[in-house]
Structure formats: C-alpha cells, structure tokens
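**Q** Coordinates in coords22.txt, compact mmCIF, C-alpha atoms and all ligand atoms, are listed below.
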```txt
# COMPACT_ATOMS: atom_id res chain seq x y z
CA MET A 916 189.53 91.21 54.57
CA ASP A 917 187.63 89.24 57.22
CA VAL A 918 188.65 85.59 56.71
CA ASN A 919 186.84 82.82 58.57
CA THR A 920 189.48 80.18 59.35
CA ASP A 921 187.03 77.26 59.45
CA LYS A 922 185.57 78.21 56.07
CA LEU A 923 189.08 78.64 54.67
CA ASN A 924 190.17 75.21 55.92
CA SER A 925 187.07 73.59 54.57
CA PHE A 926 187.58 75.24 51.15
CA MET A 927 191.25 74.21 51.08
CA GLY A 928 190.13 70.63 51.86
CA LYS A 929 187.76 70.77 48.90
CA MET A 930 190.52 72.14 46.65
CA VAL A 931 192.94 69.35 47.66
CA GLY A 932 190.20 66.79 46.89
CA ASP A 933 189.57 68.37 43.48
CA PHE A 934 193.30 68.58 42.77
CA GLY A 935 193.56 64.86 43.56
CA SER A 936 190.63 64.03 41.23
CA ALA A 937 192.11 66.07 38.39
CA MET A 938 195.61 64.57 38.84
CA ASN A 939 194.17 61.05 38.96
CA ALA A 940 192.03 61.41 35.80
CA SER A 941 194.91 60.33 33.53
CA LEU A 942 195.59 57.35 35.84
CA MET A 943 191.98 56.30 35.37
CA LEU A 944 192.45 56.48 31.61
CA ILE A 945 195.60 54.33 31.87
CA GLY A 946 193.83 51.80 34.12
CA ASP A 947 191.03 51.53 31.58
CA GLN A 948 193.24 51.37 28.47
CA LEU A 949 195.72 48.83 29.87
CA GLY A 950 193.05 46.63 31.45
CA LEU A 951 194.39 47.15 34.99
CA TYR A 952 190.95 47.55 36.59
CA LYS A 953 189.50 44.57 34.72
CA ALA A 954 192.43 42.29 35.65
CA LEU A 955 192.39 43.33 39.31
CA ALA A 956 188.62 42.85 39.55
CA ALA A 957 188.83 39.43 37.93
CA LYS A 958 191.99 38.08 39.61
CA GLY A 959 192.58 40.12 42.78
CA PRO A 960 193.75 40.37 45.52
CA MET A 961 197.09 41.03 43.84
CA ASN A 962 200.29 42.92 44.49
CA GLY A 963 201.95 45.16 41.93
CA ARG A 964 204.12 42.35 40.52
CA GLU A 965 201.14 40.05 39.98
CA LEU A 966 199.00 42.74 38.35
CA ALA A 967 201.90 43.77 36.10
CA GLN A 968 202.42 40.15 35.04
CA ALA A 969 198.71 39.65 34.37
CA THR A 970 198.54 42.75 32.14
CA GLY A 971 201.95 42.68 30.46
CA THR A 972 202.95 45.96 32.08
CA SER A 973 205.94 47.21 34.08
CA GLU A 974 205.84 46.41 37.79
CA ARG A 975 207.32 49.69 39.03
CA TYR A 976 204.68 51.77 37.24
CA VAL A 977 201.87 49.46 38.34
CA ARG A 978 202.96 49.67 41.99
CA GLU A 979 202.81 53.45 41.89
CA TRP A 980 199.46 53.37 40.04
CA LEU A 981 198.01 51.00 42.64
CA ALA A 982 199.08 53.28 45.48
CA ALA A 983 197.34 56.23 43.79
CA GLN A 984 194.22 54.11 43.21
CA ALA A 985 194.10 53.08 46.88
CA ALA A 986 194.53 56.72 47.96
CA SER A 987 191.65 57.61 45.61
CA GLY A 988 189.39 54.97 47.13
CA TYR A 989 189.09 53.26 43.73
CA VAL A 990 190.72 50.02 45.02
CA GLU A 991 191.30 48.53 48.50
CA TYR A 992 194.69 47.93 50.13
CA ASP A 993 195.33 45.25 52.74
CA ALA A 994 198.50 46.21 54.65
CA ALA A 995 198.92 42.75 56.21
CA SER A 996 199.18 40.91 52.86
CA GLU A 997 200.40 44.01 50.92
CA LYS A 998 197.79 43.17 48.28
CA PHE A 999 195.18 45.23 46.43
CA SER A 1000 191.64 44.26 45.48
CA MET A 1001 188.39 45.76 44.23
CA GLN A 1002 185.08 45.75 46.09
CA PRO A 1003 182.04 44.75 43.99
CA GLU A 1004 180.88 48.39 43.92
CA GLN A 1005 184.26 49.61 42.63
CA ALA A 1006 184.30 46.85 40.00
CA LEU A 1007 180.79 47.76 38.77
CA ALA A 1008 181.90 51.35 38.17
CA LEU A 1009 185.39 50.73 36.79
CA ALA A 1010 185.77 47.17 35.48
CA ASP A 1011 182.43 45.89 34.18
CA GLU A 1012 181.70 47.44 30.79
CA ASP A 1013 178.10 46.13 30.81
CA SER A 1014 177.14 47.19 34.33
CA PRO A 1015 174.47 49.91 34.75
CA PHE A 1016 177.04 51.87 36.78
CA PHE A 1017 180.04 51.66 34.43
CA MET A 1018 181.99 54.95 34.31
CA GLY A 1019 185.38 53.58 33.29
CA GLY A 1020 185.18 55.29 29.89
CA ILE A 1021 185.20 58.86 31.21
CA GLY A 1022 189.01 59.15 31.06
CA ASP A 1023 188.79 59.73 27.29
CA LEU A 1024 186.26 62.53 27.77
CA VAL A 1025 188.45 64.27 30.33
CA ALA A 1026 191.49 63.84 28.07
CA ALA A 1027 189.61 65.48 25.18
CA THR A 1028 188.92 68.60 27.26
CA PHE A 1029 192.65 68.97 28.00
CA LEU A 1030 193.85 68.13 24.50
CA ASP A 1031 191.47 70.68 22.96
CA GLU A 1032 191.87 73.31 25.68
CA PRO A 1033 194.09 75.62 23.52
CA LYS A 1034 191.41 75.71 20.79
CA VAL A 1035 188.63 76.43 23.31
CA ALA A 1036 190.71 79.05 25.15
CA ASP A 1037 191.26 80.77 21.81
CA ALA A 1038 187.51 80.59 21.12
CA PHE A 1039 186.85 82.34 24.47
CA LYS A 1040 188.74 85.32 23.01
CA THR A 1041 187.25 85.30 19.51
CA GLY A 1042 183.72 84.13 20.37
CA LYS A 1043 183.96 81.64 17.49
CA GLY A 1044 183.15 77.94 17.83
CA VAL A 1045 185.13 74.69 17.79
CA GLY A 1046 183.28 72.17 15.63
CA TRP A 1047 182.78 68.52 16.52
CA ASN A 1048 184.90 67.70 13.45
CA LYS A 1049 187.87 69.68 14.87
CA ARG A 1050 188.08 67.79 18.13
CA SER A 1051 190.58 65.22 19.34
CA GLU A 1052 189.81 61.67 18.30
CA CYS A 1053 189.28 60.43 21.87
CA LEU A 1054 186.21 62.67 22.29
CA PHE A 1055 184.17 60.50 19.93
CA CYS A 1056 184.94 57.14 21.58
CA GLY A 1057 184.69 58.69 25.05
CA THR A 1058 181.24 60.07 24.27
CA ALA A 1059 180.01 56.77 22.83
CA ARG A 1060 181.24 54.78 25.83
CA PHE A 1061 180.01 57.24 28.45
CA PHE A 1062 176.48 57.41 27.05
CA ARG A 1063 176.31 53.66 26.26
CA THR A 1064 175.81 52.79 29.94
CA GLY A 1065 172.56 54.79 30.20
CA TYR A 1066 171.26 53.80 26.77
CA LYS A 1067 171.95 50.08 27.30
CA HIS A 1068 170.03 49.97 30.58
CA HIS A 1069 167.22 52.47 30.00
CA LEU A 1070 166.47 53.10 26.32
CA VAL A 1071 164.56 49.94 25.36
CA GLN A 1072 163.48 49.07 28.91
CA GLU A 1073 162.08 52.46 30.02
CA TRP A 1074 162.45 55.37 27.61
CA LEU A 1075 160.71 53.99 24.51
CA PRO A 1076 157.83 52.50 26.57
CA ALA A 1077 157.34 55.93 28.18
CA LEU A 1078 156.46 57.39 24.74
CA ASP A 1079 152.83 57.27 23.68
CA GLY A 1080 152.19 54.25 21.38
CA VAL A 1081 155.74 54.05 20.03
CA VAL A 1082 156.68 50.52 21.14
CA ALA A 1083 153.62 49.03 19.39
CA LYS A 1084 154.68 50.74 16.15
CA LEU A 1085 158.28 49.54 16.54
CA GLU A 1086 157.10 45.98 17.10
CA ARG A 1087 154.87 46.09 14.00
CA GLY A 1088 157.60 47.69 11.87
CA ALA A 1089 158.43 51.39 11.91
CA LYS A 1090 160.91 53.81 10.36
CA VAL A 1091 163.24 55.44 12.84
CA ALA A 1092 165.72 58.30 12.40
CA ASP A 1093 168.53 58.73 14.94
CA VAL A 1094 169.79 62.29 14.33
CA GLY A 1095 173.26 63.24 15.61
CA CYS A 1096 173.78 59.52 16.12
CA GLY A 1097 177.56 59.65 16.68
CA HIS A 1098 178.89 56.08 16.73
CA GLY A 1099 175.32 54.74 16.56
CA VAL A 1100 175.19 53.04 19.97
CA SER A 1101 171.53 54.04 20.48
CA THR A 1102 170.64 53.08 16.88
CA ARG A 1103 172.07 49.56 17.31
CA LEU A 1104 170.34 49.01 20.66
CA MET A 1105 166.97 49.89 19.10
CA ALA A 1106 167.65 47.79 15.97
CA GLN A 1107 168.53 44.76 18.11
CA ALA A 1108 165.31 45.11 20.12
CA PHE A 1109 162.93 45.71 17.18
CA PRO A 1110 163.76 43.39 14.26
CA ASN A 1111 160.70 44.46 12.18
CA SER A 1112 161.76 48.12 12.07
CA ARG A 1113 164.26 50.05 9.91
CA PHE A 1114 166.77 52.49 11.29
CA PHE A 1115 168.47 55.52 9.73
CA GLY A 1116 171.38 57.16 11.54
CA PHE A 1117 172.52 60.66 10.58
CA ASP A 1118 175.42 62.75 11.81
CA TYR A 1119 177.36 65.61 10.25
CA HIS A 1120 180.68 64.13 11.45
CA GLU A 1121 182.10 61.76 8.82
CA GLY A 1122 184.40 59.87 11.22
CA SER A 1123 181.49 59.02 13.51
CA ILE A 1124 179.37 57.75 10.61
CA ASP A 1125 182.26 55.52 9.45
CA ALA A 1126 182.51 54.08 12.98
CA ALA A 1127 178.72 53.59 13.18
CA ARG A 1128 178.67 51.74 9.82
CA LYS A 1129 181.48 49.42 10.89
CA ALA A 1130 179.84 48.65 14.26
CA ALA A 1131 176.51 47.89 12.51
CA ARG A 1132 178.27 45.48 10.10
CA ASP A 1133 180.13 43.81 13.00
CA ALA A 1134 176.83 43.37 14.85
CA GLY A 1135 175.23 41.78 11.76
CA LEU A 1136 172.63 44.56 11.57
CA GLY A 1137 173.74 46.07 8.25
CA ASP A 1138 170.56 45.13 6.33
CA ARG A 1139 168.17 47.05 8.62
CA MET A 1140 170.36 50.07 9.34
CA ARG A 1141 171.68 52.87 7.16
CA PHE A 1142 174.12 55.51 8.31
CA GLU A 1143 174.62 58.67 6.25
CA VAL A 1144 176.56 61.90 6.70
CA HIS A 1145 173.86 64.58 6.98
CA SER A 1146 173.21 67.56 9.18
CA ALA A 1147 170.04 67.73 11.27
CA LYS A 1148 168.56 69.99 8.59
CA THR A 1149 169.43 68.00 5.45
CA TYR A 1150 168.68 64.31 6.01
CA PRO A 1151 166.11 62.84 3.59
CA ALA A 1152 162.39 62.59 4.36
CA GLU A 1153 161.15 59.05 4.89
CA GLY A 1154 157.94 59.67 6.88
CA TYR A 1155 159.63 58.52 10.07
CA ASP A 1156 157.45 57.17 12.87
CA LEU A 1157 160.10 58.09 15.40
CA VAL A 1158 162.87 60.68 15.23
CA CYS A 1159 165.39 60.57 18.10
CA PHE A 1160 168.01 63.04 19.27
CA PHE A 1161 170.31 61.47 21.85
CA ASP A 1162 172.32 64.01 23.84
CA CYS A 1163 172.90 66.16 20.77
CA LEU A 1164 170.15 68.76 20.18
CA HIS A 1165 171.92 71.27 22.44
CA ASP A 1166 175.18 70.69 20.46
CA MET A 1167 173.51 71.92 17.28
CA GLY A 1168 173.77 75.49 16.03
CA ASP A 1169 170.16 75.69 14.95
CA PRO A 1170 168.02 73.42 17.14
CA VAL A 1171 164.84 75.23 16.02
CA GLY A 1172 165.77 74.50 12.39
CA ALA A 1173 166.38 70.87 13.39
CA MET A 1174 162.89 70.67 14.93
CA LYS A 1175 161.36 72.23 11.77
CA HIS A 1176 163.13 69.54 9.73
CA VAL A 1177 161.67 66.87 12.03
CA ARG A 1178 158.20 68.32 11.41
CA GLU A 1179 158.78 68.14 7.63
CA THR A 1180 160.31 64.66 7.49
CA MET A 1181 158.27 62.80 10.12
CA ALA A 1182 154.92 61.02 9.60
CA ASP A 1183 151.92 63.16 10.68
CA ASP A 1184 151.37 61.01 13.77
CA GLY A 1185 155.11 60.55 14.37
CA THR A 1186 156.96 61.15 17.61
CA CYS A 1187 160.16 63.01 18.29
CA MET A 1188 162.14 61.82 21.32
CA LEU A 1189 164.63 64.26 22.81
CA VAL A 1190 167.12 62.75 25.22
CA GLU A 1191 168.92 65.64 26.86
CA PRO A 1192 171.20 66.00 29.89
CA PHE A 1193 169.21 66.21 33.11
CA ALA A 1194 168.77 69.83 34.20
CA GLY A 1195 166.40 72.11 36.04
CA ASP A 1196 165.25 75.30 34.31
CA ARG A 1197 167.18 77.70 36.54
CA LEU A 1198 170.94 77.86 37.00
CA GLU A 1199 170.49 77.66 40.76
CA ASP A 1200 168.68 74.31 40.33
CA ASN A 1201 171.78 72.83 38.67
CA LEU A 1202 174.48 73.74 41.18
CA ASN A 1203 175.04 70.12 42.18
CA PRO A 1204 177.49 67.31 41.22
CA VAL A 1205 175.65 66.35 38.00
CA GLY A 1206 175.31 70.00 36.97
CA ARG A 1207 178.99 70.48 37.70
CA VAL A 1208 179.94 67.74 35.22
CA TYR A 1209 177.53 69.02 32.58
CA TYR A 1210 178.37 72.73 32.84
CA ALA A 1211 182.06 71.82 32.42
CA ALA A 1212 181.31 69.56 29.44
CA SER A 1213 179.09 72.28 28.03
CA THR A 1214 181.82 74.92 28.29
CA MET A 1215 184.51 72.73 26.73
CA ILE A 1216 182.48 70.66 24.23
CA CYS A 1217 178.81 71.50 23.60
CA THR A 1218 178.82 75.30 23.55
CA PRO A 1219 181.86 75.51 21.20
CA ALA A 1220 180.21 72.87 18.95
CA SER A 1221 177.02 74.90 18.63
CA LEU A 1222 178.81 78.24 18.15
CA ASP A 1223 180.68 76.72 15.19
CA GLN A 1224 177.43 76.21 13.28
CA GLU A 1225 174.89 78.49 11.59
CA VAL A 1226 172.66 80.45 14.02
CA GLY A 1227 174.94 79.35 16.92
CA MET A 1228 172.09 79.23 19.43
CA ALA A 1229 174.36 77.56 22.03
CA LEU A 1230 171.58 76.17 24.21
CA GLY A 1231 174.18 74.62 26.53
CA ALA A 1232 174.05 71.16 28.07
CA GLN A 1233 171.92 72.43 30.98
CA ALA A 1234 169.18 73.98 28.85
CA GLY A 1235 166.35 72.50 30.94
CA GLU A 1236 162.85 71.44 29.94
CA ALA A 1237 161.28 74.90 29.54
CA ARG A 1238 163.84 76.09 26.97
CA LEU A 1239 163.70 72.77 25.09
CA ARG A 1240 159.90 72.97 25.00
CA GLU A 1241 160.17 76.44 23.44
CA VAL A 1242 162.65 75.19 20.82
CA ALA A 1243 160.25 72.36 19.88
CA ARG A 1244 157.28 74.76 19.79
CA GLN A 1245 159.10 77.15 17.45
CA GLY A 1246 159.87 74.17 15.23
CA GLY A 1247 156.16 73.28 15.02
CA LEU A 1248 156.13 70.45 17.58
CA THR A 1249 153.58 71.82 19.99
CA ARG A 1250 152.54 68.76 22.00
CA PHE A 1251 155.38 68.35 24.48
CA ARG A 1252 155.83 66.47 27.73
CA ARG A 1253 158.49 64.95 29.96
CA ALA A 1254 158.08 61.21 29.29
CA THR A 1255 160.52 60.09 31.96
CA GLU A 1256 163.94 60.86 33.45
CA THR A 1257 167.09 59.37 34.99
CA PRO A 1258 169.65 61.15 37.19
CA PHE A 1259 171.63 61.93 34.01
CA ASN A 1260 168.90 62.46 31.39
CA LEU A 1261 165.56 64.10 30.61
CA ILE A 1262 163.46 62.12 28.12
CA LEU A 1263 161.08 64.47 26.31
CA GLU A 1264 158.31 63.64 23.84
CA ALA A 1265 157.49 66.20 21.13
CA ARG A 1266 154.70 65.82 18.59
CA ALA A 1267 153.03 68.01 15.96
C1 LIG B 1301 177.41 64.50 22.39
S1 LIG B 1301 177.46 63.74 20.83
C2 LIG B 1301 176.19 62.50 20.98
C3 LIG B 1301 176.35 61.39 19.97
C4 LIG B 1301 175.33 60.26 20.09
N1 LIG B 1301 173.98 60.71 19.86
C5 LIG B 1301 175.43 59.58 21.45
O1 LIG B 1301 174.53 59.79 22.26
O2 LIG B 1301 176.42 58.86 21.68
C6 LIG B 1301 176.72 64.96 19.76
C7 LIG B 1301 176.63 64.52 18.30
O3 LIG B 1301 175.89 65.49 17.58
C8 LIG B 1301 176.47 65.61 16.28
N2 LIG B 1301 176.05 66.89 15.71
C9 LIG B 1301 176.32 68.14 16.18
N3 LIG B 1301 175.73 69.05 15.41
C10 LIG B 1301 175.08 68.39 14.43
C11 LIG B 1301 174.26 68.81 13.33
N4 LIG B 1301 173.99 70.08 13.11
N5 LIG B 1301 173.74 67.84 12.53
C12 LIG B 1301 173.99 66.52 12.77
N6 LIG B 1301 174.76 66.09 13.78
C13 LIG B 1301 175.28 67.00 14.62
C14 LIG B 1301 177.96 65.48 16.56
O4 LIG B 1301 178.70 65.18 15.40
C15 LIG B 1301 177.97 64.38 17.62
O5 LIG B 1301 178.08 63.10 17.04
```
Let me see whether you can do it: turn the structure in this file into structure tokens.

**A**
Amino acid sequence: MDVNTDKLNSFMGKMVGDFGSAMNASLMLIGDQLGLYKALAAKGPMNGRELAQATGTSERYVREWLAAQAASGYVEYDAASEKFSMQPEQALALADEDSPFFMGGIGDLVAATFLDEPKVADAFKTGKGVGWNKRSECLFCGTARFFRTGYKHHLVQEWLPALDGVVAKLERGAKVADVGCGHGVSTRLMAQAFPNSRFFGFDYHEGSIDAARKAARDAGLGDRMRFEVHSAKTYPAEGYDLVCFFDCLHDMGDPVGAMKHVRETMADDGTCMLVEPFAGDRLEDNLNPVGRVYYAASTMICTPASLDQEVGMALGAQAGEARLREVARQGGLTRFRRATETPFNLILEARA
C-alpha cells in the first residue's frame, strides 16, 4: 500500500478534531442545561469557583468543563487572571436563545442519536423503520429548539413574503394548516404575526401535540389555534389558504399521499409551502459541512422515521429541489418554484 505521509497526517488531524467535537457534545448539552454558557456570557470573566457559585454547581466539575470549553474554542481563557469569558460571537451561538445564530440547543439532538443508536443499528439489519413516536424524549425538544432559530428570524420576515400573494391573505384573515407541526413553534410565530388568521396544527405524534397545545395556551393564543393528532393524510378539510410543511415532508412515509391530501383539503387558489433542509440535487453537491450534518440526521432520524410508515418512500433529508418538485407534481401540485432559501433551508412554493 502506497501511503502518502502528508495526507495521512492531515487525515489524522481531521480525525482528532472530529473526536474532540464528538467527545465535547455532551459537555455542550451540560453547559446548556445547567445555564453555564448563559451565566458566563452575562457575568464573565469568571473563574471556575465563581461560575460554580453563580449556577449552583460543583466547582471541580465546572473547572474541568471550562478547560474543555477553552480547548474547544467555545470560551476564552486569560492565563494572567486565570479567568474565562465569552466573546460576543460565542455568546450569540451558545448563550442567547433569541439570537439569529443560536445553536445551543443542538446537544439534545446529538444525545437523541446516541440514545436511539441501538434501535437504528437494529433497523440497519432488518430494513424496518424507527417511528418518531419510538424516539427518546430529547429528540422532540431538541428539534423544536434547533429549528426555532431559523423560523424566528426568517419565517415571517422573508419566507411568507416570498410566496405569491400569501401575506395579503394572512393579513385579511386566512386559514392555515401546519402539517407535521411538532411542538408548534412555526404555528405560534405565524399566529402572533397575523391576528386575523386561524391556525390548525397537525402531527401524528401525540406527545408533540400535547406540547404544542400547552405552548399555545401559555402564549395566550389558544382561541386562534387548534392542535390535533392527525397524520398528513387524515387531517380535516377546511379549504386552507396556506398549508405548510416545516422540515417534515421528507420524514413522512408517503409524501406523495401527503401532497394529494393537500390538493384535496386546500382552497383552489391556496398555496402549499414546503420548508425543507437545504440541498442540491446531486449527492456530490451536498458533500459540505451542512450536508454532513443533514446526511447524519437523515440516517439516524429522518430515514428511519419514513421507513416506519406506509409506502416508506424515505426521501432523506437531502432530497433536493428536483425530487421534491416531482413529489408535489405526483400529488397534483404542478406549479412549483423555489421561493427563497437560507444556508439551512429551501423554501418551496407548490400550487395546483
Ligand atoms: C423534524 S420534525 C419537524 C417538526 C416541526 N415541523 C418543526 O419544524 O419543528 C418532523 C415532524 O413530522 C412529524 N411527522 C412525521 N411523519 C408524519 C406524518 N405522516 N403525519 C404527520 N406528522 C408526521 C413528526 O411527528 C415530527 O413532529
């Protein structure tokens, strides 16, 4: 075997970096859950004793955690004062829940892939699926928090205005279905922005619908929002002006059936908005850092979810626009265009 030493060293460097990221994922979860990032961002510079006192945690653990964070480049260390702090950029990503760059919630998503790994490994052998309803609890909150960042900063501001004539309808008073709504983050954001409209959230996962109902009540939006347990092929027809699928069509077993149901339940001049993970049409277009995250999530979460359902089309999280267009066309939604995009999402408009 002809081994190139430079290439080998460079690959080993990459592997050590990846090993470090994987080992530090649970530390990120702990920092998020125990409020360590938020306290350090708000009150730093601090040493381990001060951060432990501020968060009601044990100093020895916090000292070790801080050292790992500094080695990760997630916090700064000043050797002269022996104190740690966060730069504004680090705080935006890890400590500020409302920032457009917040990624502090991803620890739960990573945890879910490890907790459910035995089920998925078994599914590799049998070819069967692992349904959304058989997953670890932290997957649901992790998903809601991860996607919230993009929805909060883009949905009302850019995505809805990119659809033809939809904002005017929402302002006048429209009926909106949010299919596969999960915890209903997207549904609440739309309901808050458009007080004349009514919103219906559907998801086949009972626990998510319970969480969505509670969050709607807590936000005082209960009178204009209804959440019901329904699959994408069974929710009731209401002549919706807008039917949305946020990061969920590719999780469904029968996305063509879901599009047919949209056609049957939507108003004749209604719009279907598909928000899907950003992807090019060819595998080679997606061999980049975003594709890396999504292919992994797809293997561990989305593909098993789809294979658990009827048809089991398993589009995958990197389906790309051309395949999604074909799914919509087969469902009877023939007018199709890319309305807009972000680094993480494609926003597609489908109409009859
Ligand atoms: C990745 S999560 C996205 C949740 C939510 N839309 C969001 O963006 O936070 C996918 C959601 O699709 C739901 N789902 C999967 N298959 C479904 C089906 N056939 N009918 C209805 N919901 C489905 C899951 O229960 C889950 O809540």

**Q** Give the answer as one residue: which of A:Glu1264, A:Asp1156, A:Asp1183, A:Glu1121 has the shortest atom-to-atom distance to ligand LIG 1301 (chain B), using only C-alpha atoms and all ligand atoms?

**A**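 Going through A:Glu1264, A:Asp1156, A:Asp1183, A:Glu1121 one by one, the smallest distance to ligand LIG 1301 (chain B) is for A:Glu1121.
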
**Q** I'd like the box whose edges run along x, y and z of the file and which contains every listed atom of ligand LIG 1301 (chain B), padded by 3 Å per side; could you state its centre and edge lengths in Å, one decimal, as JSON?

**A**
```
{"center_x": 176.2, "center_y": 64.5, "center_z": 17.5, "size_x": 11.0, "size_y": 17.2, "size_z": 15.9}
```

**Q** Show which residues sit within 8 Å of Asn1111 in chain A, as a list of chain:residue names. Count all atoms listed in the file, and ignore same-chain residues fewer than 6 positions away.

**A**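 The filter keeps A:Leu1085, A:Glu1086, A:Arg1087, A:Gly1088, A:Ala1089.
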
**Q** For the residues in the current selection, export C-alpha atoms as a JSON list (two decimals), in the coordinates of the input.

**A**
```json
[["chain", "number", "residue", "atom", "x", "y", "z"],
["A", 1085, "LEU", "CA", 158.28, 49.54, 16.54],
["A", 1086, "GLU", "CA", 157.10, 45.98, 17.10],
["A", 1087, "ARG", "CA", 154.87, 46.09, 14.00],
["A", 1088, "GLY", "CA", 157.60, 47.69, 11.87],
["A", 1089, "ALA", "CA", 158.43, 51.39, 11.91]]
```

**Q** Let me have all residues with an atom within 6 Å of ligand LIG 1301 (chain B), counting only C-alpha atoms and all ligand atoms, laid out as JSON, numbers by chain.

**A** {"A": [1047, 1058, 1059, 1062, 1095, 1096, 1097, 1118, 1119, 1120, 1146, 1147, 1161, 1162, 1163, 1166, 1167]}

**Q** Which one of A:Gly1137, A:Pro1219, A:Gly1116, A:Gly1057 sits closest to His1165 in chain A if you count all atoms listed in the file?

**A** A:Pro1219

**Q** Which residue out of A:Val990, A:Cys1159, A:Met930, A:Ala1267 has the minimum interatomic distance to Ser1101 in chain A when only C-alpha atoms are used?

**A** A:Cys1159

**Q** Let me make sure I understand: among A:Ile1021, A:Phe1115, A:Phe1142, A:Asn962, which one has the smallest atom-to-atom distance to Ala995 in chain A if we use all atoms listed in the file?

**A**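 Looking only at the distances to Ala995 in chain A, the closest residue turns out to be A:Asn962.
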
**Q** What gap, in Å, lies between CA of Leu949 in chain A and CA of Glu1004 in chain A?

**A**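 It comes out at 20.4 Å.
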
**Q** Find the residues around Gly988 in chain A up to 12 Å (all atoms listed in the file counted), leave out those fewer than 5 positions away in its own chain, and share them as a list in words.

**A**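 Contacts, in chain order: Gly932, Gly935, Ser936, Asn939, Leu981, Ala982, Ala983, Phe999, Ser1000, Met1001, Gln1002, Glu1004, Gln1005, Ala1006 and Leu1009 of chain A.
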
**Q** Produce a file of the selected residues containing C-alpha atoms, as a short mmCIF file (atom, residue, chain, number, x, y, z; two decimals), in the coordinates of the input.

**A**
```
data_model
loop_
_atom_site.label_atom_id
_atom_site.label_comp_id
_atom_site.auth_asym_id
_atom_site.auth_seq_id
_atom_site.Cartn_x
_atom_site.Cartn_y
_atom_site.Cartn_z
CA GLY A 932 190.20 66.79 46.89
CA GLY A 935 193.56 64.86 43.56
CA SER A 936 190.63 64.03 41.23
CA ASN A 939 194.17 61.05 38.96
CA LEU A 981 198.01 51.00 42.64
CA ALA A 982 199.08 53.28 45.48
CA ALA A 983 197.34 56.23 43.79
CA PHE A 999 195.18 45.23 46.43
CA SER A 1000 191.64 44.26 45.48
CA MET A 1001 188.39 45.76 44.23
CA GLN A 1002 185.08 45.75 46.09
CA GLU A 1004 180.88 48.39 43.92
CA GLN A 1005 184.26 49.61 42.63
CA ALA A 1006 184.30 46.85 40.00
CA LEU A 1009 185.39 50.73 36.79
#
```

**Q** Nearest residue to Lys1043 in chain A out of A:Ala1229, A:Leu951, A:Val1158, A:Ala1127, using all atoms listed in the file?

**A**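 Going through A:Ala1229, A:Leu951, A:Val1158, A:Ala1127 one by one, the smallest distance to Lys1043 in chain A is for A:Ala1229.
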
**Q** Applying 9 Å and only C-alpha atoms, which residues near Lys1067 in chain A remain after dropping the ones on its own chain fewer than 2 positions away? List them as a list in words.

**A**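 Residues meeting the cut-off are Asp1013, Pro1015, Phe1062, Arg1063, Thr1064, Gly1065, His1069, Leu1070, Val1071, Gln1072, Val1100, Ser1101 and Leu1104 of chain A.
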
**Q** Just to confirm, what's the straight-line distance from CA of Asp1023 in chain A to CA of Ala1212 in chain A in Å (one decimal)?

**A**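 Computing the Euclidean distance for CA of Asp1023 in chain A and CA of Ala1212 in chain A yields 12.5 Å.
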
**Q** For Met961 in chain A, which residue out of A:Lys929, A:Val977, A:Ala1077, A:Gly1246 is the nearest one, using all atoms listed in the file?

**A** A:Val977

**Q** Could you name the residues that touch Ala1237 in chain A at 12 Å or less, counting all atoms listed in the file, but leaving out those on the same chain fewer than 4 positions away, as a PyMOL selection string?

**A** chain A and resi 1194-1197+1230+1233+1241-1244+1251-1253+1261+1263

**Q** Do you have, as a tab-separated table, the list of residues of range 1182-1215 of chain A lying at most 12 Å from range 1222-1228 of chain A, each with its nearest atom pair and that distance in Å to one decimal, counting all atoms listed in the file and ordered by chain then number?

**A**
```
residue	atom	partner	partner_atom	distance
A:Ser1213	CA	A:Leu1222	CA	11.5
A:Thr1214	CA	A:Leu1222	CA	11.1
A:Met1215	CA	A:Leu1222	CA	11.7
```
